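Trainee: Questions regarding the structure given below will be posed in turn.
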There are 2 protein chains.
Amino acid sequence: MTKNLVNPNNTDALEFIKKNHTNKPDKTMLILAGDCLIDYKGRARSLLDWGERVIMIKQDGTLLVHQPEMREPINWQPTGSKTEFKIKEDKLVLKSYIKKPPEKMKIKFRNIKFITAISLKDKAKLIISGMELDFVNQIINNPSIIEEGLRVVKREKPVKSGMIDLFCYDKNHTPVIIEVKRSLANISSVHQLRMYVKDTKKDVDKANVRGILCAPKIPDMVKHLLLDYGLEWIEVERKIMLPDDKQKTLKEFAE
Amino acid sequence: MTKNLVNPNNTDALEFIKKNHTNKPDKTMLILAGDCLIDYKGRARSLLDWGERVIMIKQDGTLLVHQPEMREPINWQPTGSKTEFKIKEDKLVLKSYIKKPPEKMKIKFRNIKFITAISLKDKAKLIISGMELDFVNQIINNPSIIEEGLRVVKREKPVKSGMIDLFCYDKNHTPVIIEVKRSLANISSVHQLRMYVKDTKKDVDKANVRGILCAPKIPDMVKHLLLDYGLEWIEVERKIMLPDDKQKTLKEFAE
DNA sequence: CCTTGAATATCGGTG
DNA sequence: CACCGATGTTCAAGG
C-alpha cells in the first residue's frame with residue numbers, strides 16, 4: 001500500500017490523512033513535507049521558526065522532523081506518541097503527545113508539498129560487529145594481546161566504586177585490573193581505573209595491584225596522568241569482523 | 001519542486017534518480033522506500049537482512065535508513081557522503097561512501113515502493129531551553145536554591161583533574177565545589193566531584209573544602225557513595241523557560 | 001585540527 | 001520500574 005498526494009490544499013490533505021492514518025498500530029507510516037512552525041514542550045522547551053521540513057510519523061508513533069541537512073532530527077517525539085490532525089484558522093495543524101515522559105509537539109503548516117502514506121514490513125535485526133563487547137571478547141580470547149602469561153579471572157567484577165571490566169592475574173600472580181575503552185580513552189577512565197585499583201587493594205589486602213587502561217587510542221595527556229598515578233596502558237587495535245555464518249551473505253553482496 | 005514516482009521498475013527508478021539527484025550540493029533531497037538488503041563497513045561492520053525501509057538522502061549527503069519503528073535510523077551515512085546509483089543483476093543498487101572517517105554502505109533493492117525528489121529551504125535555527133547551561137544559570141541567578149549565604153565565585157574553573165562547574169564560598173568563607181547534572185546523577189559524577197575537592201584542597205591549601213552534587217534526581221546508591229566520601233548533595237527542580245522575546249510567538253501558537 | 005562534554009540523547013539489559 | 005552503560009553515538013564549542 002503506497003498512496004501519495006502532491007501539493008494538496010488543507011482540506012484534501014486532512015481528508016487524505018484521515019483516510020490513511022490512525023493512532024492504532026495500523027501499520028501505516030506517514031511522510032510529509034511542507035512549510036511549518038514547530039513548538040515543543042517536554043523534557044525541554046523549543047521553538048522552530050517557519051521553514052520547509054520533512055516529517056515522518058512511524059508505525060509506533062515516533063515522530064521525526066528532518067531539516068534538509070544533518071543526521072539528527074531537529075525535533076521529534078518518542079515511541080508511543082499519539083498524533084492528531086485538524087484544520088485551524090485555515091491551516092493544517094499536527095499535534096503529537098505522549099504521557100510518559102510528558103511531551104507534546106505542535107506543528108502548524110502554511111503549505112504542504114506532499115504526503116505519502118505507506119505500509120512497511122520489516123522484521124530484520126541488525127547484525128553488527130565492532131562494539132565494546134566484541135573488543136572485550138577479543139581480549140578474553142587472546143589475553144596475550146595485553147601481555148604474556150595474563151589470566152582473565154572475571155569479567156564485570158563489581159567493586160565499591162563501580163564495575164571492573166576485566167579482573168586478571170599476571171604471571172607473578174599479581175592482580176591486574178583492566179579498563180577497556182572501545183574508542184578514545186579519556187581522563188575520566190583514568191579516575192575510574194584508579195578507584196578500582198584502590199578498592200581492589202582493600203578487597204584482596206594486597207599492596208600491589210596493577211591497573212591497565214586498554215584502548216585503541218590514548219591521548220598523551222591521559223598517558224601522563226596514568227604515569228602520575230602509577231598506572232599502565234596499552235593501545236590495542238580493534239578488529240571488526242562479522243560472525244562466520246554471515247560471511248557467505250557478505251560474499252554474495254561483494255562488488 | 002516536488003516529483004514523485006510510485007512502484008517504479010528499476011529502469012524508471014534509475015532514470016528518475018539520474019534526472020533529479022546529483023552529488024553536487026544541488027538542494028535536492030531524495031526519499032525512497034523499498035525492500036532492500038544493507039551492508040555497512042566503517043567504524044563498525046553491519047549487515048541488515050531483507051526488509052522494507054524508508055531511505056532519506058539529505059541535501060548535504062547524509063543518508064538515513066529508517067525501519068517502520070523506533071526513533072533511530074537502523075543504518076546511516078554521515079554528512080558529506082556521496083551517493084551513487086546503478087543497476088546490477090537486474091537490481092537497483094545504492095552506494096554511499098565518505099573518506100573521512102572511511103565509511104561505505106551498499107543498499108540492494110529488490111522492490112521499490114516510491115521515490116520522491118524534493119527541494120527544501122529551511123534556514124531556521126532551533127530556540128531551545130532546559131539544557132545544562134540553563135540549569136547552571138538558574139543556580140547562579142539564585143544561589144539560595146542551594147543554601148543561604150552561598151556566593152558563586154567562578155563558573156567553569158579548571159583544576160588538575162578537570163573542570164569545576166561552580167566554585168563558591170559559603171557563609172563561613174569555606175570553599176564549596178558544586179557539580180551540576182541536569183538529569184540523573186551517577187557514580188562517575190561522584191568521582192569527579194571528589195577529585196575536584198581534593199585538587200581544590202591542594203590549590204587553596206585548606207583542609208576544609210565542601211563538595212555538593214546538584215541534580216534533579218540522585219539515586220540512593222549515589223547518595224551512599226557521597227556520604228562515604230564526606231560529600232553533600234541537593235536535589236533541585238529544573239525550570240524550563242524560553243527567553244521573554246519568544247513568549248509572544250508562543251502565545252500566538254497557543255491552543 | 002584534536003579533544004571534551006551535553007543531549008528532549010536513545011536504547012537495551014539487568015535486578 | 002529504576003538504573004546503568006554503550007553508541008558506527010552526533011553535535012557544538014573551545015583550545
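Chain labels run A, B, ... following the order of the C-alpha cells; each chain numbers its residues from 1, and ligands are numbered from 1 in the order shown.
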Which residues are close to Pro216 in chain A, i.e. within 9 Å by only C-alpha atoms (C1' of nucleotides), leaving aside same-chain residues fewer than 4 positions away? Reply as a list in words.
Mentor: Lys181, Arg182, Ser183, Leu184, Ala185, Ile234, Glu235, Val236, Glu237 and Arg238 of chain A
Trainee: Could I have chain A as a compact mmCIF listing (two decimals) with C-alpha atoms, in the first residue's frame after it is superimposed on chain B by least squares, pairing all C-alpha atoms in sequence order?
Mentor:
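Printed below is part.txt as written:
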# COMPACT_ATOMS: atom_id res chain seq x y z
CA MET A 1 9.85 21.29 -6.73
CA THR A 2 8.32 17.98 -5.74
CA LYS A 3 8.37 14.95 -7.99
CA ASN A 4 7.10 11.51 -7.24
CA LEU A 5 7.18 8.05 -8.75
CA VAL A 6 5.17 5.13 -7.36
CA ASN A 7 6.07 1.45 -7.86
CA PRO A 8 8.58 2.10 -10.64
CA ASN A 9 10.68 -0.57 -12.33
CA ASN A 10 14.48 -0.35 -12.07
CA THR A 11 15.01 1.50 -15.32
CA ASP A 12 12.40 4.15 -14.59
CA ALA A 13 13.69 4.51 -11.04
CA LEU A 14 17.27 5.04 -12.20
CA GLU A 15 16.20 7.50 -14.86
CA PHE A 16 14.14 9.45 -12.33
CA ILE A 17 17.05 9.59 -9.89
CA LYS A 18 19.60 10.63 -12.54
CA LYS A 19 17.26 13.41 -13.56
CA ASN A 20 16.43 14.68 -10.08
CA HIS A 21 19.46 14.05 -7.90
CA THR A 22 23.19 14.76 -8.00
CA ASN A 23 26.02 14.87 -5.50
CA LYS A 24 26.43 18.58 -5.94
CA PRO A 25 24.84 20.54 -3.12
CA ASP A 26 21.92 20.91 -5.49
CA LYS A 27 19.28 21.32 -2.85
CA THR A 28 17.41 18.19 -3.74
CA MET A 29 16.52 15.52 -1.24
CA LEU A 30 15.61 12.00 -2.21
CA ILE A 31 13.21 9.85 -0.21
CA LEU A 32 12.60 6.31 -1.31
CA ALA A 33 11.12 3.12 0.08
CA GLY A 34 11.57 -0.45 -0.97
CA ASP A 35 12.66 -3.98 -0.19
CA CYS A 36 16.41 -3.97 0.22
CA LEU A 37 19.56 -5.54 1.66
CA ILE A 38 22.19 -3.36 3.33
CA ASP A 39 25.90 -3.75 3.87
CA TYR A 40 27.90 -1.20 5.88
CA LYS A 41 31.58 -1.00 6.66
CA GLY A 42 33.33 1.81 8.47
CA ARG A 43 33.85 2.45 12.16
CA ALA A 44 31.95 -0.82 12.59
CA ARG A 45 30.61 -3.46 10.22
CA SER A 46 27.00 -4.46 9.72
CA LEU A 47 24.66 -6.46 7.57
CA LEU A 48 20.89 -5.99 7.36
CA ASP A 49 18.82 -8.71 5.71
CA TRP A 50 16.04 -8.10 3.20
CA GLY A 51 13.19 -5.93 4.39
CA GLU A 52 11.16 -2.84 3.54
CA ARG A 53 12.63 0.48 4.67
CA VAL A 54 12.52 4.19 4.01
CA ILE A 55 15.74 5.77 2.82
CA MET A 56 16.33 9.49 3.01
CA ILE A 57 19.25 11.20 1.30
CA LYS A 58 19.53 14.74 2.57
CA GLN A 59 20.85 17.79 0.77
CA ASP A 60 24.18 17.57 2.59
CA GLY A 61 24.75 13.92 1.67
CA THR A 62 23.52 12.46 4.95
CA LEU A 63 21.83 9.12 4.34
CA LEU A 64 19.29 7.63 6.73
CA VAL A 65 17.75 4.17 6.63
CA HIS A 66 14.57 3.96 8.68
CA GLN A 67 12.71 0.80 9.58
CA PRO A 68 8.96 1.17 10.30
CA GLU A 69 9.60 1.49 14.06
CA MET A 70 11.90 3.25 16.52
CA ARG A 71 13.42 6.71 16.56
CA GLU A 72 16.90 5.74 15.40
CA PRO A 73 17.91 4.97 11.84
CA ILE A 74 19.01 1.33 11.59
CA ASN A 75 21.83 2.37 9.24
CA TRP A 76 23.16 5.72 8.12
CA GLN A 77 25.97 7.64 6.48
CA PRO A 78 27.27 10.91 7.93
CA THR A 79 27.07 14.45 6.56
CA GLY A 80 29.27 14.87 3.49
CA SER A 81 28.75 11.41 2.02
CA LYS A 82 28.42 10.92 -1.73
CA THR A 83 25.71 8.76 -3.26
CA GLU A 84 25.79 6.72 -6.49
CA PHE A 85 23.07 4.70 -8.14
CA LYS A 86 23.34 2.02 -10.79
CA ILE A 87 21.63 -1.12 -12.01
CA LYS A 88 23.45 -4.40 -11.46
CA GLU A 89 22.12 -7.85 -12.22
CA ASP A 90 18.70 -6.38 -12.77
CA LYS A 91 18.66 -4.69 -9.36
CA LEU A 92 18.94 -1.05 -8.37
CA VAL A 93 22.04 -0.57 -6.22
CA LEU A 94 22.82 2.48 -4.10
CA LYS A 95 26.33 3.17 -2.85
CA SER A 96 27.20 5.85 -0.35
CA TYR A 97 30.73 6.60 0.76
CA ILE A 98 32.75 9.16 2.68
CA LYS A 99 36.51 9.42 3.08
CA LYS A 100 36.76 10.88 6.55
CA PRO A 101 35.89 8.91 8.55
CA PRO A 102 36.16 6.08 6.00
CA GLU A 103 32.68 4.63 5.69
CA LYS A 104 30.76 3.00 2.90
CA MET A 105 27.32 1.54 2.49
CA LYS A 106 25.73 -0.51 -0.22
CA ILE A 107 21.99 -0.95 -0.61
CA LYS A 108 20.56 -3.45 -3.08
CA PHE A 109 16.87 -3.16 -3.96
CA ARG A 110 14.67 -5.94 -5.24
CA ASN A 111 11.58 -3.75 -5.20
CA ILE A 112 10.91 -0.02 -5.05
CA LYS A 113 7.68 1.31 -3.61
CA PHE A 114 8.16 4.99 -4.29
CA ILE A 115 10.71 7.69 -4.91
CA THR A 116 10.22 11.33 -4.07
CA ALA A 117 12.56 14.15 -5.04
CA ILE A 118 12.03 17.38 -3.18
CA SER A 119 13.78 20.66 -2.62
CA LEU A 120 13.47 22.18 0.86
CA LYS A 121 14.34 25.61 2.19
CA ASP A 122 14.82 25.85 5.93
CA LYS A 123 17.09 28.28 7.70
CA ALA A 124 15.35 28.19 11.06
CA LYS A 125 17.39 27.36 14.14
CA LEU A 126 15.93 25.65 17.14
CA ILE A 127 15.31 27.81 20.18
CA ILE A 128 15.57 25.48 23.09
CA SER A 129 15.52 25.64 26.86
CA GLY A 130 16.03 23.17 29.65
CA MET A 131 19.62 22.16 29.02
CA GLU A 132 22.50 21.93 31.48
CA LEU A 133 23.64 25.47 30.75
CA ASP A 134 20.21 26.83 31.68
CA PHE A 135 20.35 24.78 34.85
CA VAL A 136 23.77 26.25 35.76
CA ASN A 137 22.48 29.74 34.95
CA GLN A 138 19.49 29.13 37.19
CA ILE A 139 21.90 28.51 40.08
CA ILE A 140 24.19 31.45 39.24
CA ASN A 141 21.20 33.80 39.08
CA ASN A 142 19.90 32.55 42.38
CA PRO A 143 22.58 30.82 44.51
CA SER A 144 20.21 30.69 47.45
CA ILE A 145 18.61 27.71 45.71
CA ILE A 146 21.64 25.87 47.07
CA GLU A 147 21.98 27.68 50.37
CA GLU A 148 21.81 31.12 51.96
CA GLY A 149 24.92 33.25 51.71
CA LEU A 150 26.53 31.24 48.91
CA ARG A 151 28.69 33.28 46.55
CA VAL A 152 29.55 31.93 43.08
CA VAL A 153 33.14 32.91 42.20
CA LYS A 154 33.85 31.03 39.00
CA ARG A 155 32.09 28.84 36.48
CA GLU A 156 34.13 26.17 34.68
CA LYS A 157 37.22 26.29 36.89
CA PRO A 158 39.94 23.96 35.59
CA VAL A 159 41.76 21.78 38.12
CA LYS A 160 44.18 18.93 37.66
CA SER A 161 41.57 16.20 37.34
CA GLY A 162 39.01 18.03 35.26
CA MET A 163 36.66 21.04 35.23
CA ILE A 164 34.67 22.34 38.19
CA ASP A 165 31.15 23.44 37.21
CA LEU A 166 30.82 26.08 39.93
CA PHE A 167 33.46 27.29 42.38
CA CYS A 168 31.92 29.15 45.31
CA TYR A 169 32.42 30.34 48.87
CA ASP A 170 29.84 29.82 51.59
CA LYS A 171 28.93 32.41 54.22
CA ASN A 172 31.90 31.25 56.38
CA HIS A 173 34.32 31.79 53.47
CA THR A 174 34.81 28.05 53.05
CA PRO A 175 35.39 27.01 49.43
CA VAL A 176 32.46 25.08 47.93
CA ILE A 177 32.72 22.94 44.80
CA ILE A 178 29.41 22.35 43.03
CA GLU A 179 28.99 19.63 40.46
CA VAL A 180 25.83 20.06 38.42
CA LYS A 181 23.94 17.29 36.62
CA ARG A 182 20.90 18.27 34.62
CA SER A 183 19.29 14.85 34.97
CA LEU A 184 20.10 11.73 36.95
CA ALA A 185 23.27 11.94 39.05
CA ASN A 186 25.40 8.81 39.05
CA ILE A 187 28.38 7.29 40.84
CA SER A 188 30.84 8.73 38.39
CA SER A 189 29.70 12.26 39.27
CA VAL A 190 30.58 11.44 42.90
CA HIS A 191 34.08 10.39 41.89
CA GLN A 192 34.48 13.57 39.87
CA LEU A 193 33.32 15.74 42.73
CA ARG A 194 35.60 13.93 45.15
CA MET A 195 38.62 14.52 42.90
CA TYR A 196 37.77 18.18 42.48
CA VAL A 197 37.53 18.66 46.24
CA LYS A 198 40.84 16.90 46.75
CA ASP A 199 42.55 18.97 44.03
CA THR A 200 41.10 22.16 45.48
CA LYS A 201 42.29 21.35 48.98
CA LYS A 202 45.80 21.20 47.57
CA ASP A 203 45.35 24.33 45.42
CA VAL A 204 44.02 26.61 48.15
CA ASP A 205 45.94 24.82 50.91
CA LYS A 206 42.91 24.44 53.10
CA ALA A 207 41.79 21.41 55.00
CA ASN A 208 38.16 22.32 54.67
CA VAL A 209 36.64 22.35 51.21
CA ARG A 210 32.99 21.40 50.72
CA GLY A 211 31.64 19.47 47.75
CA ILE A 212 27.99 19.56 46.73
CA LEU A 213 26.35 17.46 44.05
CA CYS A 214 23.38 19.26 42.57
CA ALA A 215 20.85 17.44 40.37
CA PRO A 216 17.08 17.14 39.90
CA LYS A 217 17.31 13.52 41.03
CA ILE A 218 19.88 11.61 43.07
CA PRO A 219 19.51 7.85 43.63
CA ASP A 220 19.91 6.53 47.20
CA MET A 221 22.97 4.56 46.22
CA VAL A 222 24.67 7.78 45.14
CA LYS A 223 23.61 9.54 48.35
CA HIS A 224 25.21 6.78 50.40
CA LEU A 225 28.45 7.11 48.51
CA LEU A 226 28.39 10.89 49.02
CA LEU A 227 27.93 10.38 52.77
CA ASP A 228 30.86 7.94 52.81
CA TYR A 229 33.09 10.56 51.27
CA GLY A 230 31.84 13.44 53.42
CA LEU A 231 30.22 15.16 50.47
CA GLU A 232 26.86 16.90 50.30
CA TRP A 233 23.99 16.98 47.85
CA ILE A 234 20.94 18.96 46.99
CA GLU A 235 18.03 18.06 44.74
CA VAL A 236 16.90 21.11 42.76
CA GLU A 237 14.01 21.19 40.35
CA ARG A 238 14.80 22.30 36.85
CA LYS A 239 12.83 25.18 35.36
CA ILE A 240 11.97 25.06 31.70
CA MET A 241 11.43 28.48 30.19
CA LEU A 242 11.95 30.04 26.80
CA PRO A 243 13.35 33.58 26.58
CA ASP A 244 10.80 36.37 27.13
CA ASP A 245 10.96 37.62 23.54
CA LYS A 246 9.70 34.24 22.35
CA GLN A 247 6.73 34.18 24.69
CA LYS A 248 4.65 36.12 22.18
CA THR A 249 5.19 33.57 19.42
CA LEU A 250 4.28 30.86 21.90
CA LYS A 251 1.09 32.61 22.90
CA GLU A 252 0.10 32.95 19.26
CA PHE A 253 0.63 29.21 19.05
CA ALA A 254 -1.47 28.35 22.08
CA GLU A 255 -4.46 26.14 21.69
Trainee: Please give the complete set of residues from range 139-243 of chain A that DSSP, run on the backbone, assigns to helix (DSSP H, G or I), formatted as JSON, numbers by chain.
Mentor: {"A": [139, 140, 141, 143, 144, 145, 187, 188, 189, 190, 191, 192, 193, 194, 195, 196, 197, 198, 199, 200, 201, 202, 203, 204, 220, 221, 222, 223, 224, 225, 226, 227, 228]}
Trainee: Residues of chain D within 10 Å of chain A, counting only C-alpha atoms (C1' of nucleotides) - could you list those as a PyMOL selection string?
Mentor: chain D and resi 6-8+10-11
Trainee: Take the selection from the previous step and output its residues with N, CA and C atoms (P, O5', C5', C4', C3', O3' and C1' of nucleotides), as a PDB file, in the first residue's frame.
Mentor:
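Here's the written file selection-v3.pdb:
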ATOM      1  P    DA D   6      30.226   1.221  28.992  1.00  0.00           P
ATOM      2  O5'  DA D   6      29.617   0.946  27.540  1.00  0.00           O
ATOM      3  C5'  DA D   6      29.105  -0.349  27.222  1.00  0.00           C
ATOM      4  C4'  DA D   6      28.399  -0.312  25.883  1.00  0.00           C
ATOM      5  C3'  DA D   6      29.198   0.348  24.760  1.00  0.00           C
ATOM      6  O3'  DA D   6      28.877  -0.315  23.540  1.00  0.00           O
ATOM      7  C1'  DA D   6      27.237   1.601  25.146  1.00  0.00           C
ATOM      8  P    DT D   7      29.694   0.067  22.249  1.00  0.00           P
ATOM      9  O5'  DT D   7      28.721   1.139  21.540  1.00  0.00           O
ATOM     10  C5'  DT D   7      27.372   0.772  21.246  1.00  0.00           C
ATOM     11  C4'  DT D   7      26.707   1.890  20.460  1.00  0.00           C
ATOM     12  C3'  DT D   7      27.625   2.632  19.484  1.00  0.00           C
ATOM     13  O3'  DT D   7      26.949   2.861  18.252  1.00  0.00           O
ATOM     14  C1'  DT D   7      26.599   4.159  20.926  1.00  0.00           C
ATOM     15  P    DG D   8      26.524   1.611  17.288  1.00  0.00           P
ATOM     16  O5'  DG D   8      27.686   1.646  16.229  1.00  0.00           O
ATOM     17  C5'  DG D   8      29.019   1.439  16.581  1.00  0.00           C
ATOM     18  C4'  DG D   8      29.908   2.349  15.775  1.00  0.00           C
ATOM     19  C3'  DG D   8      29.645   3.823  16.016  1.00  0.00           C
ATOM     20  O3'  DG D   8      30.861   4.556  16.016  1.00  0.00           O
ATOM     21  C1'  DG D   8      29.237   3.294  13.750  1.00  0.00           C
ATOM     22  P    DT D  10      28.016   9.198  14.753  1.00  0.00           P
ATOM     23  O5'  DT D  10      27.105  10.509  14.914  1.00  0.00           O
ATOM     24  C5'  DT D  10      25.705  10.407  14.849  1.00  0.00           C
ATOM     25  C4'  DT D  10      25.089  11.723  15.314  1.00  0.00           C
ATOM     26  C3'  DT D  10      25.675  12.958  14.630  1.00  0.00           C
ATOM     27  O3'  DT D  10      24.624  13.883  14.411  1.00  0.00           O
ATOM     28  C1'  DT D  10      26.006  13.121  16.949  1.00  0.00           C
ATOM     29  P    DC D  11      24.819  15.109  13.433  1.00  0.00           P
ATOM     30  O5'  DC D  11      25.296  16.262  14.425  1.00  0.00           O
ATOM     31  C5'  DC D  11      24.382  16.760  15.396  1.00  0.00           C
ATOM     32  C4'  DC D  11      25.096  17.700  16.333  1.00  0.00           C
ATOM     33  C3'  DC D  11      26.017  18.714  15.638  1.00  0.00           C
ATOM     34  O3'  DC D  11      25.343  19.969  15.607  1.00  0.00           O
ATOM     35  C1'  DC D  11      26.991  17.776  17.640  1.00  0.00           C
TER      36       DC D  11
END
Trainee: Please find the residues of chain C near chain B - the criterion being any atom within 9 Å, counting only C-alpha atoms (C1' of nucleotides) - and write them as a list of chain:residue names.
Mentor: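 Filtering chain C at 9 Å from chain B with only C-alpha atoms (C1' of nucleotides) gives C:DA6, C:DA7, C:DT8, C:DT10.
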Trainee: Between C1' of DG15 in chain D and C1' of DT3 in chain C, what is the spacing in Å?
Mentor: 8.6 Å
Trainee: Excluding DG15 in chain C and residues on its chain fewer than 2 positions from it, collect all residues at most 12 Å away from it, counting only C-alpha atoms (C1' of nucleotides), and give them as a list in words.
Mentor: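 These residues fall inside the cut-off: DG13 of chain C; DC1, DA2, DC3 and DC4 of chain D.
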Trainee: Just asking: which residues within range 131-229 of chain B are strand (DSSP E or B) according to DSSP, as a count of residues only?
Mentor: 31
Trainee: Determine, counting only C-alpha atoms (C1' of nucleotides), which protein, DNA and RNA residues have an atom within 12 Å of an atom of DG14 in chain D; residues of the same chain fewer than 2 positions away are not included. Present the result as a PyMOL selection string.
Mentor: (chain C and resi 2-5) or (chain D and resi 12)
